[in-house]
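Asks: What follows is a single structure, and I will ask about it in a moment.
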Amino acid sequence: MTNFKAGFAQIEWTPAPGLNLLGQMHERIATHARDPLCTCAAVFQTEAATLAIVTLDVGLLDNDFAETVQRMWADASGFTPESLMVHCTHTHVAPNLKVQYGVTFPVLCVRIAKFATNGLGIDVWRVIG
């Protein structure tokens, strides 16, 4: 029988109004937030493998971003970079991560994955940025 574990976490990061929103062919400045923007994680583990999935409420993620998060995940957890999948919800009402947040979001992604592993009862973490 396989011992299956799962852990989940979510954090809201809705910025204050005033940022340029991604996803239009013209400049569009946020005046309010109708719905919260979040980063969520799910981590699944059996004796054979660990898989983490992190999702961000943003319009797009490029390969460099995903690879940075995967490397940080591997350095912090000891799991392989490939054991973490990063994706976005493709919302058109979120700011541009690279322009407005820089390195903050890769750290956030890894931290939320770390929080999700708390449900697994594992303690393999090193200090993250």
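Residues in the structure tokens are named by chain (A, B, ... in the order shown) and by number from 1 within that chain; ligands are numbered from 1 in the order shown.
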So which residues touch segment 57-66 of chain A within 7 Å, counting only C-alpha atoms, skipping near sequence neighbours fewer than 2 positions away, as a list in words?
Replies: Leu22, Gly23, Leu37, Cys38, Thr39, Thr55, Thr68, Val69, Gln70, Val86, Cys88, Thr89, His90, Thr91, His92 and Ala94 of chain A
Asks: For Leu21 of chain A, find every residue with an atom within 8 Å (counting only C-alpha atoms), except residues of its own chain fewer than 2 positions away, and show them as an mmCIF file with C-alpha atoms, in the first residue's frame.
Replies:
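And here is the file that came out, part.cif:
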```
data_model
loop_
_atom_site.group_PDB
_atom_site.id
_atom_site.type_symbol
_atom_site.label_atom_id
_atom_site.label_comp_id
_atom_site.auth_asym_id
_atom_site.auth_seq_id
_atom_site.Cartn_x
_atom_site.Cartn_y
_atom_site.Cartn_z
ATOM 1 C CA LEU A 19 0.055 49.775 -10.718
ATOM 2 C CA GLY A 23 -2.602 42.131 -20.626
ATOM 3 C CA GLN A 24 -3.851 45.052 -22.691
ATOM 4 C CA GLU A 27 -1.660 51.391 -20.437
ATOM 5 C CA ARG A 28 -4.251 50.507 -17.812
ATOM 6 C CA ILE A 29 -3.739 51.598 -14.220
ATOM 7 C CA ALA A 30 -5.481 49.681 -11.428
ATOM 8 C CA HIS A 92 -5.433 40.320 -17.317
ATOM 9 C CA VAL A 93 -5.885 42.231 -14.068
ATOM 10 C CA ALA A 94 -2.502 41.746 -12.388
ATOM 11 C CA PRO A 95 0.740 43.744 -12.592
ATOM 12 C CA ASN A 96 3.811 42.699 -14.577
#
```
Asks: With DSSP run on the backbone, what are the alpha helix (DSSP H) residues within chain A? I'd like them as a PyMOL selection string.
Replies: chain A and resi 63-77+97-101+104-117
Asks: Using only C-alpha atoms, find the one residue out of A:Ala6, A:Ala41, A:Leu56, A:Met25 that sits nearest to Ala113 of chain A.
Replies: A:Ala41
Asks: For each of A:Ile112, A:Leu84, A:Ala16, A:Ala33, take the minimum atom-to-atom distance to Thr50 of chain A, counting only C-alpha atoms, then give the residue where this is smallest.
Replies: A:Leu84
Asks: Ranking A:Ala42, A:Pro81, A:Ala74, A:Pro106 by minimum distance to Phe8 of chain A and counting only C-alpha atoms, which one comes first?
Replies: A:Ala42
Asks: To one decimal place in Å, what is the distance between atom CA of Val43 of chain A and atom CA of Ile11 of chain A?
Replies: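 It comes out at 15.0 Å.
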Asks: What does the distance from atom CA of Thr46 of chain A to atom CA of Lys5 of chain A come to in Å, to one decimal?
Replies: 6.5 Å
Asks: Which of these residues is nearest to Ala52 of chain A, using only C-alpha atoms: A:Asp35, A:Glu82, A:Glu12, A:Asp75?
Replies: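 Between A:Asp35, A:Glu82, A:Glu12, A:Asp75, the residue approaching Ala52 of chain A most closely is A:Glu82.
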Asks: Measuring atom to atom with only C-alpha atoms, identify which of A:Thr31, A:Gly7, A:Gly78, A:Met85 is nearest to Val54 of chain A.
Replies: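 Smallest distance to Val54 of chain A is found for A:Met85.
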Asks: Atom CA of Leu51 of chain A and atom CA of Arg111 of chain A are how many Å apart?
Replies: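 Atom CA of Arg111 of chain A lies 15.2 Å from atom CA of Leu51 of chain A.
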Asks: Can you work out which one of A:Glu67, A:Gly18, A:Ser77, A:Thr117 has the shortest atom-to-atom distance to His32 of chain A, counting only C-alpha atoms?
Replies: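 Nearest candidate to His32 of chain A out of A:Glu67, A:Gly18, A:Ser77, A:Thr117: A:Gly18.
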